[in-house]
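A quick write-up on the structure given underneath.
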Amino acid sequence: MLTKFETKSNRVKGLSFHSKRPWILASLHSGVIQLWDYRMGTLIDRFDEHDGPVRGVHFHVSQPLFVSGGDDYKIKVWNYKLHRCLFTLFGHLDYIRTVQFHHESPWIVSASDDQTIRIWNWQSRTLMSVLTGHNHYVMCALFHPKEDLVVSASLDQTVRVWDIGALRKKTSSPADDVLRLSQMNTDFFGGVDAVVKYVLEGHDRGVNWASFHPTLPLIVSGADDRQVKLWRMNDTKAWEVDTLRGHMNNVSCVFFHAKQDVIVSNSEDKSIRVWDATKRTGIQTFRREHDRFWILAAHPELNLLAAGHDSGMIVFKLERERPAFSVSVDSLYYVKDRFLRLYEFSTQKDTQVIPIRRPGSAALNQGPRTLSYSPTENAVLICSDVDGGSYELYIVPRDGIGRGDTVQDAKRGVGGSAVFVARNRFAVLEKSSNQVLVKNLKNEIVKKSVLPVAADAIFYAGTGNLLCRAEDRVVVFDLQQRLVLGELQTSFIRYVVWSNDMENVALLSKHTIIIASKKLEHRCTLHETIRVKSGAWDDNGVFMYTTLNHIKYCLPNGDNGIIRTLDVPVYITKVSQNIVFCLDRDGKNLAVTIDATEYMFKLSLLKKKFDQVMSMIRSSELCGQAMIAYLQQKGFPEVALHFVKDERTRFNLALESGNIQIAVASAKEIDKKDHWYRLGVEALRQGNAGIVEYAYQRTKNFERLSFLYLVTGYMDKLSKMLKIAEVKNDVMGQFHNALYLGDIRERIKILENAGHLPLAYVTASVHGLHEIAERLAADLGDNIPSLPEGKSHSLLIPPSPIMCGGDWPLLRVMKGIFDGGLDNVGRNAQEEDEEDADADWGEDLDIVDAENMQNEDIGMVLEDGEVHEENDEGGWDLEDLELPPELDTPKTSSHARSAVFIAPTPGIPVSQIWTQRSSLAAEHAAAGNFDTAMRLLSRQLGIRNFTPLKPLFLDLHIGSHTYLRALSSSPVISVAVERGWSESSTPNVRGPPVLVFKFSQLEEKLKAGYKATTAGKFSEALRIFLSILHTIPLIVVESRREVDEVKELIIIVKEYVLGLQMEVKRREVKDDPVRQQELAAYFTHCNLQMPHLRLALLNAMTVCFKARNHNTAANFARRLLETNPTNENQAKTARSVLQAAEKNLTDASQLNYDFRNPFVVCGATYIPIYRGQKDVSCPFCSSRFVPSQEGQLCTVCDLAVIGSDASGLLCSPSQVR
């Protein structure tokens, strides 16, 4: 049983499928009728005019009607398009059990607890016939699908078949009064228009349901005696054929399946049972936990059933309808009606190949489930669910195609799934042991491999590879090397579709499609509300797939769309150019022609094949809001511009793509203030001062206009703005313009006129206009403001412009593919004829005698200016733009169209190129990607403490860039400095970054460290050695030999750091002579240069001798003499100590030191770790520690975590190659 849809609701008493749409009606015990879309899983509508339970409901086969009957004795006919009840039929005197439309005539049959069956004419809305004869509740009454018969079932333990042939002759509205009277008598007493043909007696209890076979003269009935009975009838009589026993409670509903030779029944025992109609045996039983079943319904055309129970309903199928198929280049092998068939795509020829064994049991879902084909061996593997999962191997005879009539003896085996993995090898999944058995064509096991995940299915994934499906993931597994090549978390995958080149795979689950690479690197995920059924890749790398009602496409970046709608579900087998080959549920091959324009256009955009995009725009009818929105969303507004005729949309797209010319033209057409404002903002962003000025003039935005003149240096236009402000009586505007102009006298005049005499006086005094200041002082009298003492004043006078600013210079680049080539699309070509014109736009605000004009007249001045222009040269047109002659700006004419100014697209930053190409932490730090550098160091060397490395990171980053100062007003330009750059190198190829740390510098530091050690400056030496250790992770060398030298340097420096740390510690523990001796002794076991080892031995010998540990001191003396010291004083001291000690070879105190047993010193606790004892080491500096230090920070290098996993030092590109 394959459940397709399930609802939760009140008890469902009636069900009916729509014949064409994916709808089902459910009438509930609560009185509500629900209309569901079972494909989408949504409730479309609900109808609730009945009082009490609605037990019967039925869709009309062709009209937008359905009928319902309830416990309120009413039959209602509804129009679902109008969402209302059209009329109600009254006549029954008790609960109505079932209602049904006739398939041809305008009739409704109803069965009721008033012991009658009534037939109504729904067109004339009258009662046609009352069928009386039952003497208990009539539980069901149904028309025969072809003949004029009605079958009814009643609690009087009988099934009756009625002949209603006479009804066809009966008119629905008799004209004659006499006839009408006889009609009334008939209605009351029952007429001769419907007669009982047979009474079927055999049930021991009340019968709940009876129905006809769709084609044969059979009836099936179900009753409270828990039995299903089969009856046969001929022209004269009817008789019982067989009884089907198995239900444990009342049988509620039963019918013949239209597509399969089975009977389906359900019961109050909470089960649905499927019976073999020919063998009359039970095939399968489906049970629910707590819900009794009441009703069954079958779809009139599709292979769908529905069942209503106590808490809702289910829509289900008995068997899968997907044919098993396999595609191999030009061939399709598939199974249909127990035959293996071959379909050739090129010739569209379909041939029968060989018959296939029928499954032994009659159980459902035992047919072929998957098919795998090996083209070289011409072998076919067919898997099915027989025996819990099994396969059959057939060898297809090469010459026998088309003559397949004898059943081959196939090689069989048990397994979850079986697929070919090589020419003559196939893999079988053994679920019980979770392993794959690789077999040859003789069905012999060649190899066994345990799978890395608990797989429940396997799929082909290239030669020798399997794609294993677990519940929440899929894994690509290499059978040869037994390696996992890739893994991906997914929902439950049903089907796997590989692209033709095996580079991409589509993983199909019920509602999602995941596109991934061959190593299961995730590319994109698609979600569908309707079930996904199948898919195939086309030659361009586009994935086509079908849902229940659409063929759709998915581009490599995850964009998807609908190609066409489907009437019935199909399964795509192959896509070839614009033909989609598919199989339908009946196993028929279809070749569907599709329009690929939309997805090819999007694919060309995605792959930046702009020449194809151009030709498609010119030739095709691609347009509409969806395409414009798509182009905008994907960052191609300039392409969308050529589809659009609506001026507002054109304006928005032109602004988005920076096409000022089209934006100006559209703004003129629209002529709205906010559009001019937005045009001004965009023009300002592009530095197109002329159009900014034009836009501000159109909106009379004088404040912005004044400021624009200030920043571009047009002082003459500013003085005109001052006059305009004066005429408009705009005091603030006047003051601002005077301030911008640096006109002090004008400012004083404005302040004076506005009554701000103290401010006017201060302005005059500060700027040295003494005669005006004196005059104002006289006016002010005693209120003269005092100026602050001892402060120098700065004057508010803007600097004089040296030159006026025009439009910003733009880069001259090649015309873009979409510029010019499409300019005539959707627009009149005459706009192209741009002429040189005179448009010093400031002149339009000329005021002849502004001083003598009244305030109101300013509007007239502006409008007159504009009108004058329009009469002359066609208004404020973009074509009229020419900057003032003194700017000497190159003029753009219609001949210059070949090279349009377009800002180039930004390239990839060099720092990004560095990080993409490199696995070296130093180069990531130089690029400024500190986080990835830290991750690399953590992975390679186990480093967790980055505090000591922070200044080194910053030095690397700053050192790999140089900075240029272009103009005082522009930001500093950062330039990446590349290693090994020369003038002859290709400009497009980027080298690695220059690094400030070099290996040679470390060698110099090492010498300095040795020198400080010799001089006894231990703290300074320790600092030098630590700085070397901290720099090594950020060193990059070229050759493998240098890599070895770097690793050697780590060991040398580590020994010195450890030794010097112990020596510094020894000097701190003066009150513990035993510990002092131990640390001095351990120091002599560090791997030091010979001069330093002699000093360490001398030091240890001295300390021990003073503490009267003569035996230990003598050991150090011997070791010192063995080194043949060049310094005679050292040798002399050693010999003296040895002689004195040998007189008394004893130790005064016991030390934790055994010089005979080899050891290393723990870098944290400074105690010996003797050979054979467990220890842990630092992944970077390789210092050794006692096991208790695991997980702590290394005390020697102060960078890495002790005992952590690390891949090792990576300091050269040669290690990566």
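We label chains A, B, ... in the order they appear in the structure tokens, count residues from 1 in each chain, and number ligands from 1 in the order shown.
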(message) With only C-alpha atoms as the counted atoms, please give the residues lying no more than 6 Å from segment 739-753 of chain A, apart from itself and same-chain residues fewer than 3 positions off, as a list in words.
(response) His736, His756, Leu757, Ala760, Ile797 and Pro798 of chain A
Store the residues picked out above, limited to N, CA and C atoms, as a short mmCIF file (atom, residue, chain, number, x, y, z; two decimals), in the first residue's frame.
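Written file, result16.cif:
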```cif
data_model
loop_
_atom_site.label_atom_id
_atom_site.label_comp_id
_atom_site.auth_asym_id
_atom_site.auth_seq_id
_atom_site.Cartn_x
_atom_site.Cartn_y
_atom_site.Cartn_z
N HIS A 736 23.12 81.81 2.44
CA HIS A 736 23.97 80.68 2.02
C HIS A 736 24.73 81.02 0.75
N HIS A 756 19.41 91.52 12.24
CA HIS A 756 20.47 90.96 13.09
C HIS A 756 21.66 91.92 13.11
N LEU A 757 21.46 93.15 13.72
CA LEU A 757 22.51 94.18 13.69
C LEU A 757 23.78 93.75 14.42
N ALA A 760 25.71 91.56 12.15
CA ALA A 760 26.22 92.35 11.02
C ALA A 760 27.44 93.14 11.47
N ILE A 797 35.66 82.76 4.23
CA ILE A 797 35.70 83.08 2.80
C ILE A 797 36.20 81.83 2.08
N PRO A 798 35.36 81.24 1.19
CA PRO A 798 35.82 80.04 0.49
C PRO A 798 36.95 80.39 -0.48
#
```
(request) Tell me, as a PyMOL selection string, which residues lie within 12 Å of Ser152 of chain A, counting only C-alpha atoms; anything in the same chain fewer than 3 positions away does not count. (result) chain A and resi 97-99+109-112+115-118+131-134+136-144+149+155-163+196-200+206-212+219-222
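Closest approach to Asp472 of chain A among A:Ser499, A:Ala277, A:Ile670, A:Asp456 is made by A:Asp456 (distances from only C-alpha atoms).
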(message) Show me, as JSON, numbers by chain, the residues that have an atom within 12 Å of segment 954-962 of chain A when counting only C-alpha atoms, minus same-chain residues fewer than 5 positions from it.
(response) {"A": [910, 911, 914, 921, 922, 923, 924, 925, 926, 927, 928, 929, 930, 933, 947, 948, 949, 972, 973, 974, 975, 976, 977, 978, 979, 991, 992, 993, 994, 995, 996, 997, 998, 1031, 1034, 1035, 1036]}
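The interatomic distance for the pair atom CA of Thr649 of chain A and atom CA of Val692 of chain A works out to 21.0 Å.
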(message) Just want the 10 Å neighbourhood of Phe702 of chain A, counted on only C-alpha atoms, with same-chain residues fewer than 3 positions away dropped. Output as a PyMOL selection string.
(response) chain A and resi 693+696-697+699+705-708+721-722+724-725+733
(request) Could you please write out, as JSON, numbers by chain, every residue of segment 56-141 of chain A that DSSP assigns to strand (DSSP E)? (result) {"A": [56, 57, 58, 59, 65, 66, 67, 68, 69, 70, 75, 76, 77, 78, 79, 84, 85, 86, 87, 88, 89, 96, 97, 98, 99, 100, 101, 107, 108, 109, 110, 111, 112, 116, 117, 118, 119, 120, 121, 126, 127, 128, 129, 130, 131, 132, 138, 139, 140, 141]}
Restrict the calculation to only C-alpha atoms, then for each residue of segment 137-248 of chain A with any atom at most 8 Å from an atom of segment 263-272 of chain A give the closest atom pair and their distance in Å to one decimal, rows by chain and rising residue number, as a Markdown table.
```
| residue | atom | partner | partner_atom | distance |
| --- | --- | --- | --- | --- |
| A:Gly222 | CA | A:Ser265 | CA | 7.8 |
| A:Val228 | CA | A:Ser265 | CA | 7.9 |
| A:His247 | CA | A:Asp269 | CA | 6.8 |
| A:Met248 | CA | A:Asp269 | CA | 5.5 |
```
(request) Give me the residues within 12 Å of segment 478-484 of chain A as a VMD selection string, counting only C-alpha atoms and dropping any in the same chain fewer than 5 places off. (result) chain A and resid 421 to 422 425 to 427 435 to 438 446 to 453 460 to 468 519 to 520
(request) Fewer than 6 positions away in the same chain doesn't count, so skip those; otherwise give me all residues within 12 Å of Ile908 of chain A, counting only C-alpha atoms, as JSON, numbers by chain. (result) {"A": [914, 915, 916, 988, 990]}
Take the residues that were just selected and, keeping N, CA, C and O atoms, output them as a compact mmCIF listing (two decimals), in the first residue's frame.
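Result went into out_1.txt, see below:
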```txt
# COMPACT_ATOMS: atom_id res chain seq x y z
N TRP A 914 45.84 35.12 -3.88
CA TRP A 914 46.87 34.52 -3.03
C TRP A 914 46.29 33.41 -2.16
O TRP A 914 46.85 32.33 -2.07
N THR A 915 45.17 33.70 -1.52
CA THR A 915 44.62 32.71 -0.58
C THR A 915 44.03 31.51 -1.31
O THR A 915 44.11 30.39 -0.82
N GLN A 916 43.46 31.75 -2.52
CA GLN A 916 42.88 30.62 -3.26
C GLN A 916 43.96 29.62 -3.69
O GLN A 916 43.74 28.43 -3.74
N ASN A 988 48.72 39.36 -16.34
CA ASN A 988 47.52 38.69 -15.84
C ASN A 988 47.83 37.57 -14.85
O ASN A 988 46.95 37.07 -14.17
N ARG A 990 49.35 36.27 -11.52
CA ARG A 990 49.76 36.82 -10.23
C ARG A 990 50.75 35.91 -9.54
O ARG A 990 50.52 34.70 -9.42
```
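With only C-alpha atoms taken into account, the protein and nucleic acid residues at most 7 Å from Pro64 of chain A (excluding it and anything under 4 positions from it in its own chain) are A:His60, A:Asn79, A:Tyr80, A:Lys81.
Of the residues listed (A:Leu555, A:Asn434, A:Ser328, A:Leu230), A:Asn434 shows the shortest atom-to-atom separation from Ala454 of chain A; distances use only C-alpha atoms.
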(request) Would you mind reading off the distance between atom CA of Lys533 of chain A and atom CA of Thr490 of chain A, one decimal, in Å? (result) 17.3 Å
